[in-house]
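Raw target_2.cif, mmCIF, C-alpha atoms:
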```cif
data_model
loop_
_atom_site.label_atom_id
_atom_site.label_comp_id
_atom_site.auth_asym_id
_atom_site.auth_seq_id
_atom_site.Cartn_x
_atom_site.Cartn_y
_atom_site.Cartn_z
CA MET A 215 -51.48 87.02 84.85
CA ASN A 216 -48.15 86.66 86.56
CA PRO A 217 -47.05 89.35 88.99
CA SER A 218 -43.37 88.42 88.80
CA PRO A 219 -41.09 91.10 87.42
CA GLN A 220 -40.83 91.08 83.66
CA SER A 221 -37.59 91.08 81.74
CA SER A 222 -36.00 94.48 81.19
CA ASN A 223 -36.81 94.51 77.47
CA THR A 224 -40.56 94.32 78.15
CA SER A 225 -42.46 97.38 79.27
CA ALA A 226 -44.26 97.12 82.60
CA ILE A 227 -48.00 96.72 82.24
CA PRO A 228 -50.01 98.03 85.20
CA VAL A 229 -52.63 95.66 86.61
CA GLU A 230 -55.81 96.76 88.39
CA PHE A 231 -56.95 95.05 91.57
CA LEU A 232 -60.18 95.44 93.51
CA ALA A 233 -59.17 96.03 97.15
CA PHE A 234 -61.35 94.57 99.90
CA THR A 235 -61.06 93.80 103.60
CA LEU A 236 -61.51 90.65 105.65
CA GLY A 237 -60.99 91.36 109.32
CA LYS A 238 -57.98 93.65 109.66
CA GLU A 239 -56.29 92.60 106.42
CA GLU A 240 -56.63 94.09 102.97
CA TYR A 241 -56.78 91.82 99.94
CA GLY A 242 -56.85 92.33 96.20
CA ILE A 243 -58.23 90.41 93.24
CA ASP A 244 -57.91 91.01 89.50
CA ILE A 245 -60.59 93.58 88.61
CA GLN A 246 -61.21 91.79 85.30
CA LYS A 247 -62.82 88.89 87.22
CA VAL A 248 -65.34 91.21 88.90
CA GLN A 249 -68.76 91.51 87.28
CA GLU A 250 -70.43 93.76 89.87
CA LEU A 251 -70.66 94.71 93.54
CA ARG A 252 -73.81 94.21 95.61
CA GLY A 253 -74.88 94.72 99.19
CA TYR A 254 -75.30 91.57 101.26
CA ASP A 255 -78.84 90.23 100.97
CA THR A 256 -80.64 87.16 102.24
CA VAL A 257 -79.46 83.91 100.67
CA THR A 258 -81.24 80.59 100.27
CA ARG A 259 -79.34 78.00 102.28
CA ILE A 260 -78.50 74.72 100.55
CA ALA A 261 -78.68 71.57 102.70
CA SER A 262 -75.36 69.76 103.25
CA ALA A 263 -73.31 72.58 101.67
CA PRO A 264 -70.03 73.45 103.43
CA GLU A 265 -70.39 76.17 106.09
CA PHE A 266 -68.49 78.73 103.99
CA ILE A 267 -71.07 78.45 101.20
CA LYS A 268 -73.79 80.68 102.60
CA GLY A 269 -76.28 79.57 99.96
CA VAL A 270 -77.51 80.87 96.63
CA VAL A 271 -79.22 83.99 95.29
CA ASN A 272 -81.21 84.61 92.14
CA LEU A 273 -79.33 87.26 90.18
CA ARG A 274 -81.47 88.30 87.22
CA GLY A 275 -82.49 84.68 86.55
CA ILE A 276 -79.08 83.12 87.28
CA ILE A 277 -78.67 81.04 90.44
CA VAL A 278 -75.43 82.26 92.01
CA PRO A 279 -73.59 80.45 94.85
CA ILE A 280 -72.40 82.80 97.62
CA VAL A 281 -69.13 82.07 99.47
CA ASP A 282 -68.34 83.85 102.74
CA MET A 283 -64.58 84.42 102.66
CA ARG A 284 -64.34 85.17 106.39
CA ILE A 285 -65.70 81.69 107.13
CA LYS A 286 -63.60 80.11 104.35
CA PHE A 287 -60.37 81.59 105.75
CA ASN A 288 -61.45 80.97 109.37
CA LEU A 289 -61.20 84.67 110.29
CA GLY A 290 -63.82 84.71 113.03
CA THR A 291 -67.56 85.11 113.06
CA PRO A 292 -68.78 87.26 110.17
CA VAL A 293 -70.87 90.33 110.86
CA TYR A 294 -73.30 91.38 108.16
CA ASP A 295 -73.89 95.12 108.18
CA GLN A 296 -74.23 98.06 105.79
CA PHE A 297 -70.55 97.72 104.79
CA THR A 298 -70.73 94.01 103.89
CA VAL A 299 -70.34 93.53 100.15
CA VAL A 300 -70.90 90.63 97.78
CA ILE A 301 -68.41 90.71 94.93
CA ILE A 302 -70.01 89.00 91.92
CA LEU A 303 -67.30 87.17 90.00
CA HIS A 304 -67.17 85.65 86.53
CA ILE A 305 -64.73 82.74 86.62
CA GLY A 306 -64.42 79.77 84.31
CA GLY A 307 -67.72 80.56 82.60
CA ARG A 308 -69.53 80.56 85.96
CA ILE A 309 -71.01 83.38 88.04
CA MET A 310 -70.44 83.27 91.81
CA GLY A 311 -70.50 85.65 94.73
CA MET A 312 -67.89 86.30 97.40
CA VAL A 313 -68.88 87.95 100.70
CA VAL A 314 -66.28 90.35 102.14
CA ASP A 315 -66.34 92.82 105.03
CA SER A 316 -65.99 95.86 102.77
CA VAL A 317 -64.60 97.05 99.44
CA SER A 318 -62.30 100.06 99.45
CA ASP A 319 -61.18 100.92 95.92
CA VAL A 320 -59.51 99.86 92.70
CA ILE A 321 -55.73 99.99 92.85
CA THR A 322 -53.40 100.00 89.86
CA LEU A 323 -50.10 98.24 90.56
CA THR A 324 -46.99 98.14 88.40
CA ASN A 325 -44.53 95.24 88.38
CA GLU A 326 -42.28 97.17 90.78
CA GLN A 327 -45.13 97.23 93.33
CA LEU A 328 -45.73 93.46 93.13
CA LYS A 329 -43.69 91.34 95.51
CA PRO A 330 -43.66 87.56 95.97
CA ALA A 331 -45.49 86.31 99.05
CA PRO A 332 -43.15 85.05 101.77
CA GLN A 333 -43.22 81.34 102.45
CA MET A 334 -44.97 80.90 105.80
CA SER A 335 -47.93 79.16 107.27
CA SER A 336 -51.10 81.18 106.88
CA VAL A 337 -54.83 80.71 106.64
CA ILE A 338 -54.55 81.01 102.85
CA GLU A 339 -52.75 78.27 100.97
CA ASP A 340 -49.74 79.44 98.95
CA ASP A 341 -51.40 78.14 95.76
CA TYR A 342 -53.99 80.89 96.05
CA LEU A 343 -51.57 83.77 96.59
CA LEU A 344 -50.24 85.85 93.71
CA GLY A 345 -48.06 87.91 96.01
CA LEU A 346 -48.16 91.21 97.85
CA GLY A 347 -48.97 94.57 96.35
CA THR A 348 -47.44 97.65 97.96
CA ILE A 349 -48.58 101.20 97.43
CA GLU A 350 -47.25 103.84 99.83
CA GLU A 351 -48.03 102.50 103.34
CA ARG A 352 -50.64 99.98 102.15
CA MET A 353 -50.02 96.31 101.54
CA LEU A 354 -52.53 94.12 99.69
CA ILE A 355 -52.56 90.34 99.86
CA LEU A 356 -53.17 89.48 96.22
CA LEU A 357 -55.32 86.39 95.67
CA ASP A 358 -55.44 84.17 92.61
CA ILE A 359 -59.23 84.17 92.63
CA ASP A 360 -59.41 81.77 89.65
CA LYS A 361 -57.49 79.05 91.49
CA LEU A 362 -59.26 79.67 94.77
CA MET A 363 -62.80 79.55 93.39
CA SER A 364 -62.07 76.59 91.10
CA SER A 365 -60.34 74.54 93.81
CA THR A 366 -61.70 71.09 94.58
CA GLU A 367 -62.52 72.08 98.16
CA MET A 368 -64.80 74.86 96.92
CA GLY A 369 -66.63 72.48 94.61
CA LEU A 370 -68.14 75.38 92.67
CA ILE A 371 -66.83 74.84 89.17
CA GLU A 372 -65.26 72.12 87.16
CA LYS A 373 -61.48 72.24 86.99
CA LEU A 374 -60.49 75.09 84.69
CA ALA A 375 -58.92 74.05 81.43
CA THR A 376 -55.18 74.65 81.56
#
```

Let's see the structure in the file written out as structure tokens.
Amino acid sequence: MNPSPQSSNTSAIPVEFLAFTLGKEEYGIDIQKVQELRGYDTVTRIASAPEFIKGVVNLRGIIVPIVDMRIKFNLGTPVYDQFTVVIILHIGGRIMGMVVDSVSDVITLTNEQLKPAPQMSSVIEDDYLLGLGTIEERMLILLDIDKLMSSTEMGLIEKLAT
């Protein structure tokens, strides 16, 4: 999926993103990567795992690693409450969970609403940004969740076949 504007002879295909919050910012990921949403539950900690990997859970017989995105992006101390959500993702043939502060809705964006991310230093590497999605007064930071979750630093899945 490439959010750059398509040529004029190709019709615009809307793309759906799951909108979620981390701190005061709103992010979006491709809804097709989302398997399900769950409330935050106790995880089993794994010794010597990076701090952002909270541990694992047993999801209907599948051991699923859980990544806390607030810790990963260094956005302050996470608070786990009734709004905290674990987004269960299916990426590269692997199931994994991503802890976020809350999930708001599914947003459909057209090519006209997708803008390239500005080049600047941020807590998220440019490789993991698809761009910005704008809808009325809202702005979503669109993440390339495939690249992020399959990155070497995450260590969750083998490098995706290109």

Applying the PyMOL selection byres ((chain A and resi 358) around 12) to the file I just gave you, which residues come out? Please list them as a PyMOL selection string.
chain A and resi 215-217+231+241-245+247+305+338-346+355-357+359-365

Using atom CA of A:Val271 and atom CA of A:Thr298 as the two end points, give the distance in Å to one decimal.
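Atom CA of A:Thr298 lies at a distance of 15.7 Å from atom CA of A:Val271.
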
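Using all atoms listed in the file, the shortest contact distance between A:Arg352 and any of A:Ser318, A:Thr291, A:Gln246, A:Thr256 is found at A:Ser318.
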
Within 7 Å of (-66.2, 84.5, 100.0) (file coordinates; only C-alpha atoms), which protein or nucleic acid residues are there? I'd like them as a list of chain:residue names.
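Output: A:Ile280, A:Val281, A:Asp282, A:Met283, A:Arg284, A:Lys286, A:Gly311, A:Met312, A:Val313, A:Val314.
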
Written as a ChimeraX atom specification, what is the full residue list that the PyMOL selection byres ((chain A and resi 270) around 12) yields on the file shown?
/A:254-261,263,266-269,271-273,275-282,300,309-313,370

Under the rule that only C-alpha atoms are counted, which of A:Arg274, A:Gln249, A:Gln327, A:Leu354 is the nearest residue to A:Gly307?
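Smallest distance to A:Gly307 is found for A:Gln249.
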
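When only C-alpha atoms are used to compute distances to A:Val248, the closest of the residues A:Val229, A:Ile301, A:Phe287, A:Pro264 turns out to be A:Ile301.
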